[in-house]
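Shown below: query39.pdb, with PDB, C-alpha atoms, pLDDT in the B column.
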MODEL        1
ATOM      1  CA  MET A   1     -69.224  58.925  86.114  1.00 73.00           C
ATOM      2  CA  ILE A   2     -65.514  59.567  85.701  1.00 81.00           C
ATOM      3  CA  ARG A   3     -64.281  63.147  85.730  1.00 86.00           C
ATOM      4  CA  LEU A   4     -62.477  64.133  82.564  1.00 90.00           C
ATOM      5  CA  ASP A   5     -59.980  66.956  82.292  1.00 91.00           C
ATOM      6  CA  ASP A   6     -58.757  68.770  79.198  1.00 91.00           C
ATOM      7  CA  ARG A   7     -56.037  66.187  78.506  1.00 92.00           C
ATOM      8  CA  ASP A   8     -58.538  63.313  78.714  1.00 93.00           C
ATOM      9  CA  LEU A   9     -60.809  65.137  76.273  1.00 92.00           C
ATOM     10  CA  ALA A  10     -57.840  65.779  73.983  1.00 93.00           C
ATOM     11  CA  ILE A  11     -57.100  62.040  73.957  1.00 94.00           C
ATOM     12  CA  LEU A  12     -60.728  61.260  73.126  1.00 93.00           C
ATOM     13  CA  ARG A  13     -60.836  63.869  70.334  1.00 92.00           C
ATOM     14  CA  VAL A  14     -57.682  62.505  68.698  1.00 93.00           C
ATOM     15  CA  LEU A  15     -58.797  58.875  68.964  1.00 93.00           C
ATOM     16  CA  ALA A  16     -62.318  59.618  67.697  1.00 90.00           C
ATOM     17  CA  ARG A  17     -60.785  61.025  64.507  1.00 88.00           C
ATOM     18  CA  GLU A  18     -57.716  58.795  64.231  1.00 87.00           C
ATOM     19  CA  GLY A  19     -58.127  55.544  66.138  1.00 84.00           C
ATOM     20  CA  ARG A  20     -54.913  54.185  64.699  1.00 85.00           C
ATOM     21  CA  ILE A  21     -52.174  56.304  66.171  1.00 90.00           C
ATOM     22  CA  SER A  22     -48.991  55.314  67.964  1.00 91.00           C
ATOM     23  CA  LYS A  23     -48.638  55.930  71.678  1.00 90.00           C
ATOM     24  CA  ALA A  24     -45.769  58.325  70.999  1.00 93.00           C
ATOM     25  CA  ASP A  25     -47.794  60.314  68.445  1.00 95.00           C
ATOM     26  CA  LEU A  26     -50.776  60.464  70.787  1.00 94.00           C
ATOM     27  CA  ALA A  27     -48.577  61.704  73.631  1.00 95.00           C
ATOM     28  CA  ARG A  28     -47.007  64.342  71.372  1.00 95.00           C
ATOM     29  CA  ARG A  29     -50.416  65.513  70.102  1.00 94.00           C
ATOM     30  CA  ILE A  30     -51.738  66.064  73.632  1.00 94.00           C
ATOM     31  CA  ASN A  31     -48.443  67.513  74.903  1.00 94.00           C
ATOM     32  CA  LEU A  32     -47.582  64.794  77.419  1.00 94.00           C
ATOM     33  CA  SER A  33     -44.779  62.280  77.719  1.00 94.00           C
ATOM     34  CA  THR A  34     -45.559  58.720  76.619  1.00 94.00           C
ATOM     35  CA  SER A  35     -46.016  57.111  80.064  1.00 94.00           C
ATOM     36  CA  PRO A  36     -48.587  59.598  81.447  1.00 94.00           C
ATOM     37  CA  ALA A  37     -50.458  59.580  78.134  1.00 94.00           C
ATOM     38  CA  TRP A  38     -50.532  55.766  78.183  1.00 94.00           C
ATOM     39  CA  GLU A  39     -51.762  55.756  81.814  1.00 95.00           C
ATOM     40  CA  ARG A  40     -54.586  58.136  80.906  1.00 94.00           C
ATOM     41  CA  LEU A  41     -55.521  56.039  77.881  1.00 94.00           C
ATOM     42  CA  THR A  42     -55.557  52.865  79.993  1.00 94.00           C
ATOM     43  CA  ARG A  43     -57.745  54.597  82.600  1.00 94.00           C
ATOM     44  CA  LEU A  44     -60.207  55.721  79.896  1.00 95.00           C
ATOM     45  CA  GLU A  45     -60.365  52.176  78.518  1.00 94.00           C
ATOM     46  CA  SER A  46     -60.774  50.619  81.987  1.00 94.00           C
ATOM     47  CA  ALA A  47     -63.581  53.053  82.818  1.00 94.00           C
ATOM     48  CA  GLY A  48     -65.444  51.974  79.656  1.00 94.00           C
ATOM     49  CA  ILE A  49     -65.230  55.413  78.066  1.00 94.00           C
ATOM     50  CA  ILE A  50     -63.274  54.003  75.140  1.00 94.00           C
ATOM     51  CA  GLU A  51     -65.323  51.022  74.034  1.00 92.00           C
ATOM     52  CA  GLY A  52     -63.092  49.830  71.211  1.00 89.00           C
ATOM     53  CA  TYR A  53     -61.143  50.609  68.073  1.00 88.00           C
ATOM     54  CA  ARG A  54     -61.999  49.828  64.489  1.00 86.00           C
ATOM     55  CA  ALA A  55     -61.131  50.788  60.954  1.00 84.00           C
ATOM     56  CA  GLU A  56     -63.482  52.702  58.688  1.00 86.00           C
ATOM     57  CA  ILE A  57     -63.649  50.574  55.565  1.00 87.00           C
ATOM     58  CA  ALA A  58     -64.381  52.120  52.169  1.00 89.00           C
ATOM     59  CA  LEU A  59     -66.857  49.453  51.076  1.00 91.00           C
ATOM     60  CA  LYS A  60     -67.238  51.014  47.633  1.00 90.00           C
ATOM     61  CA  ALA A  61     -63.588  50.149  47.006  1.00 93.00           C
ATOM     62  CA  ILE A  62     -63.994  46.433  47.707  1.00 93.00           C
ATOM     63  CA  ALA A  63     -67.569  45.312  47.043  1.00 93.00           C
ATOM     64  CA  PRO A  64     -70.904  46.457  45.707  1.00 94.00           C
ATOM     65  CA  HIS A  65     -73.225  47.226  48.587  1.00 96.00           C
ATOM     66  CA  LEU A  66     -76.358  48.988  49.695  1.00 96.00           C
ATOM     67  CA  VAL A  67     -77.009  50.803  52.968  1.00 97.00           C
ATOM     68  CA  VAL A  68     -80.620  50.882  54.145  1.00 98.00           C
ATOM     69  CA  PHE A  69     -82.089  52.499  57.225  1.00 98.00           C
ATOM     70  CA  VAL A  70     -85.234  50.783  58.440  1.00 98.00           C
ATOM     71  CA  THR A  71     -87.782  52.118  60.888  1.00 98.00           C
ATOM     72  CA  LEU A  72     -90.011  49.474  62.338  1.00 97.00           C
ATOM     73  CA  GLU A  73     -92.754  48.843  64.821  1.00 97.00           C
ATOM     74  CA  LEU A  74     -93.387  45.654  66.754  1.00 97.00           C
ATOM     75  CA  ASP A  75     -96.857  44.177  66.994  1.00 96.00           C
ATOM     76  CA  ARG A  76     -96.615  43.851  70.788  1.00 94.00           C
ATOM     77  CA  HIS A  77     -94.959  46.108  73.320  1.00 94.00           C
ATOM     78  CA  THR A  78     -93.873  43.730  76.030  1.00 95.00           C
ATOM     79  CA  ALA A  79     -90.447  43.169  77.528  1.00 96.00           C
ATOM     80  CA  GLY A  80     -90.428  39.698  76.013  1.00 96.00           C
ATOM     81  CA  SER A  81     -91.199  40.895  72.489  1.00 96.00           C
ATOM     82  CA  PHE A  82     -88.462  43.557  72.703  1.00 97.00           C
ATOM     83  CA  GLU A  83     -85.954  40.977  73.981  1.00 97.00           C
ATOM     84  CA  ARG A  84     -86.864  38.508  71.237  1.00 96.00           C
ATOM     85  CA  PHE A  85     -86.540  41.103  68.483  1.00 97.00           C
ATOM     86  CA  GLU A  86     -83.232  42.412  69.830  1.00 97.00           C
ATOM     87  CA  GLY A  87     -81.851  38.883  70.098  1.00 97.00           C
ATOM     88  CA  LEU A  88     -82.760  38.135  66.482  1.00 96.00           C
ATOM     89  CA  VAL A  89     -81.264  41.421  65.284  1.00 97.00           C
ATOM     90  CA  ASN A  90     -78.019  40.665  67.116  1.00 97.00           C
ATOM     91  CA  GLU A  91     -77.771  37.404  65.153  1.00 96.00           C
ATOM     92  CA  ALA A  92     -78.091  39.167  61.759  1.00 97.00           C
ATOM     93  CA  PRO A  93     -74.623  40.233  60.548  1.00 97.00           C
ATOM     94  CA  GLU A  94     -76.144  42.533  57.909  1.00 97.00           C
ATOM     95  CA  VAL A  95     -77.715  44.645  60.653  1.00 98.00           C
ATOM     96  CA  THR A  96     -74.782  46.903  61.532  1.00 97.00           C
ATOM     97  CA  GLY A  97     -76.679  49.206  63.868  1.00 97.00           C
ATOM     98  CA  CYS A  98     -79.957  49.110  65.739  1.00 98.00           C
ATOM     99  CA  TRP A  99     -81.388  51.668  68.130  1.00 98.00           C
ATOM    100  CA  ALA A 100     -84.510  51.497  70.294  1.00 98.00           C
ATOM    101  CA  LEU A 101     -86.557  54.669  69.850  1.00 97.00           C
ATOM    102  CA  GLY A 102     -89.120  56.604  71.820  1.00 93.00           C
ATOM    103  CA  GLY A 103     -91.981  57.989  69.766  1.00 88.00           C
ATOM    104  CA  GLY A 104     -93.728  56.641  66.704  1.00 90.00           C
ATOM    105  CA  PHE A 105     -91.388  53.761  65.829  1.00 97.00           C
ATOM    106  CA  ASP A 106     -89.858  51.169  68.089  1.00 98.00           C
ATOM    107  CA  TYR A 107     -86.501  50.732  66.329  1.00 98.00           C
ATOM    108  CA  LEU A 108     -84.185  52.214  63.748  1.00 98.00           C
ATOM    109  CA  MET A 109     -81.892  49.697  62.037  1.00 98.00           C
ATOM    110  CA  GLN A 110     -78.984  50.136  59.691  1.00 98.00           C
ATOM    111  CA  VAL A 111     -78.576  47.282  57.224  1.00 98.00           C
ATOM    112  CA  ILE A 112     -75.666  46.810  54.837  1.00 97.00           C
ATOM    113  CA  ALA A 113     -76.269  44.245  52.101  1.00 97.00           C
ATOM    114  CA  ARG A 114     -74.808  43.411  48.700  1.00 96.00           C
ATOM    115  CA  ASP A 115     -77.905  44.519  46.790  1.00 97.00           C
ATOM    116  CA  ILE A 116     -81.649  45.067  47.175  1.00 97.00           C
ATOM    117  CA  GLY A 117     -82.345  41.329  46.910  1.00 97.00           C
ATOM    118  CA  ALA A 118     -79.942  40.573  49.745  1.00 97.00           C
ATOM    119  CA  TYR A 119     -81.524  43.364  51.803  1.00 98.00           C
ATOM    120  CA  GLN A 120     -84.996  41.913  51.207  1.00 98.00           C
ATOM    121  CA  ALA A 121     -83.729  38.488  52.273  1.00 97.00           C
ATOM    122  CA  VAL A 122     -82.674  40.003  55.621  1.00 97.00           C
ATOM    123  CA  ILE A 123     -86.126  41.533  56.091  1.00 97.00           C
ATOM    124  CA  ASP A 124     -87.834  38.282  55.049  1.00 97.00           C
ATOM    125  CA  ARG A 125     -85.740  36.341  57.582  1.00 96.00           C
ATOM    126  CA  LEU A 126     -86.759  38.766  60.339  1.00 96.00           C
ATOM    127  CA  LEU A 127     -90.420  38.623  59.304  1.00 96.00           C
ATOM    128  CA  ASP A 128     -90.391  34.810  59.180  1.00 96.00           C
ATOM    129  CA  SER A 129     -88.483  34.469  62.462  1.00 94.00           C
ATOM    130  CA  GLY A 130     -91.369  35.504  64.647  1.00 89.00           C
ATOM    131  CA  ALA A 131     -89.662  38.753  65.612  1.00 91.00           C
ATOM    132  CA  GLY A 132     -93.091  40.360  65.867  1.00 94.00           C
ATOM    133  CA  ILE A 133     -92.630  43.081  63.258  1.00 97.00           C
ATOM    134  CA  ALA A 134     -95.960  44.815  62.616  1.00 96.00           C
ATOM    135  CA  ARG A 135     -94.663  47.213  59.942  1.00 97.00           C
ATOM    136  CA  TYR A 136     -91.403  48.512  58.585  1.00 97.00           C
ATOM    137  CA  TYR A 137     -90.263  51.295  56.271  1.00 98.00           C
ATOM    138  CA  SER A 138     -87.049  51.154  54.236  1.00 98.00           C
ATOM    139  CA  TYR A 139     -84.888  54.143  53.344  1.00 98.00           C
ATOM    140  CA  VAL A 140     -82.108  53.439  50.857  1.00 98.00           C
ATOM    141  CA  VAL A 141     -79.016  55.623  51.295  1.00 97.00           C
ATOM    142  CA  THR A 142     -78.155  57.285  47.988  1.00 96.00           C
ATOM    143  CA  LYS A 143     -74.948  58.921  49.247  1.00 93.00           C
ATOM    144  CA  PRO A 144     -73.268  59.555  52.559  1.00 91.00           C
ATOM    145  CA  VAL A 145     -73.281  63.227  53.471  1.00 95.00           C
ATOM    146  CA  LYS A 146     -71.646  63.312  56.887  1.00 93.00           C
ATOM    147  CA  THR A 147     -70.274  60.915  59.437  1.00 89.00           C
ATOM    148  CA  GLY A 148     -68.011  61.879  62.243  1.00 87.00           C
ATOM    149  CA  PRO A 149     -67.040  61.644  65.868  1.00 86.00           C
ATOM    150  CA  PRO A 150     -69.312  62.935  68.633  1.00 86.00           C
ATOM    151  CA  PRO A 151     -69.083  66.679  69.418  1.00 90.00           C
ATOM    152  CA  LEU A 152     -67.230  66.187  72.703  1.00 87.00           C
ATOM    153  CA  ASP A 153     -66.609  69.890  73.325  1.00 84.00           C
ATOM    154  CA  LEU A 154     -70.298  70.712  72.989  1.00 87.00           C
ATOM    155  CA  LEU A 155     -71.392  67.751  75.107  1.00 85.00           C
ATOM    156  CA  MET A 156     -69.012  68.630  77.919  1.00 84.00           C
ATOM    157  CA  GLN A 157     -70.204  72.243  78.278  1.00 81.00           C
ATOM    158  CA  ALA A 158     -71.941  72.938  81.575  1.00 68.00           C
TER     159      ALA A 158
ENDMDL
END

Serialized structure, structure tokens:
Amino acid sequence: MIRLDDRDLAILRVLAREGRISKADLARRINLSTSPAWERLTRLESAGIIEGYRAEIALKAIAPHLVVFVTLELDRHTAGSFERFEGLVNEAPEVTGCWALGGGFDYLMQVIARDIGAYQAVIDRLLDSGAGIARYYSYVVTKPVKTGPPPLDLLMQA
């Protein structure tokens, strides 16, 4: 694990909120000159701490859509069945997030589709693909309440 100092954490906080920022603005915000700030940023990227950059798109402004969280259980709990399911999920562009869980369900998926029919088509494809889904439960998002960056300051406390 790489050791992070206060300046590294400052870089991560700024980028987690505002991924699109110029090098000069980033350096100014963390109170460093451009070259040292850029070197730190490059080190964080090389170490795999910064995994990428992307825009948050206001889907409601460009297309009708539906966000559904799905909890599901597989019918078999073998390494092969988990690999097969995960491979199929990675091929489904509508599945925008998927997490393996410990506890009652095996996975939590986030699906973004145009409407309920398109969502059901995704589920039908997974069911018909031999993914080994024993049961699933769908939770339609009615409104987003909070999304945000990770609480770095809290996570870094000893």

Near Gly102 (chain A), within 12 Å and counting only C-alpha atoms, which residues show up once chain neighbours fewer than 5 positions away are dropped, as number ranges by chain? A: 71-73, 107-108

Taking 3 positions as the minimum chain separation for residues in the same chain, which residues sit within 12 Å of region 113-117 of chain A when counting all atoms listed in the file? Answer as a count of residues only. 25

Write out as an MDAnalysis selection string each polymer residue whose atoms come within 10 Å of Pro150 (chain A), counting only C-alpha atoms; drop sequence neighbours fewer than 3 positions from it. chainID A and resid 12:13 16:17 147 153:155

For C-alpha atoms, I'd like the residues from the last selection saved as an mmCIF file, keeping the file's coordinate frame.
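Output file again-v8.cif follows:
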data_model
loop_
_atom_site.group_PDB
_atom_site.id
_atom_site.type_symbol
_atom_site.label_atom_id
_atom_site.label_comp_id
_atom_site.auth_asym_id
_atom_site.auth_seq_id
_atom_site.Cartn_x
_atom_site.Cartn_y
_atom_site.Cartn_z
ATOM 1 C CA LEU A 12 -60.728 61.260 73.126
ATOM 2 C CA ARG A 13 -60.836 63.869 70.334
ATOM 3 C CA ALA A 16 -62.318 59.618 67.697
ATOM 4 C CA ARG A 17 -60.785 61.025 64.507
ATOM 5 C CA THR A 147 -70.274 60.915 59.437
ATOM 6 C CA ASP A 153 -66.609 69.890 73.325
ATOM 7 C CA LEU A 154 -70.298 70.712 72.989
ATOM 8 C CA LEU A 155 -71.392 67.751 75.107
#

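Proximity ranking of A:Ile11, A:Ile2, A:Leu74, A:Gly19 relative to Ser46 (chain A) places A:Ile2 first, based on all atoms listed in the file.
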
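Nearest-residue note for Phe85 (chain A): choosing from A:Glu56, A:Asp128, A:Asp8, A:Glu51, the minimum distance belongs to A:Asp128, counting all atoms listed in the file.
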
Give as a ChimeraX atom specification the residues that the PyMOL selection byres ((chain A and resi 3) around 12) matches when applied to the coordinates above. /A:1-2,4-9,40,43-44,47,49,156

In terms of the shortest atom-to-atom distance over all atoms listed in the file, which of A:Val111, A:Gly103, A:Asp75, A:Ile133 is closest to Asn90 (chain A)? A:Val111

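The space between CA of Ser35 (chain A) and CA of Ile21 (chain A) spans 15.2 Å.
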
Report the distance between CA of Ser81 (chain A) and CA of Ala131 (chain A) in Å, rounded to one decimal place. 7.4 Å

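Counting from CA of Trp99 (chain A), the distance to CA of Gly130 (chain A) is 19.3 Å.
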
So that I can see what lies close to Arg29 (chain A), please list as a PyMOL selection string the residues with an atom at most 9 Å from it, counting only C-alpha atoms and leaving out residues fewer than 4 positions away in the same chain. chain A and resi 10-11+14+24-25

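Nearest to Leu26 (chain A) of all the residues A:Leu41, A:Ala55, A:Leu127, A:Val89 is A:Leu41, counting only C-alpha atoms.
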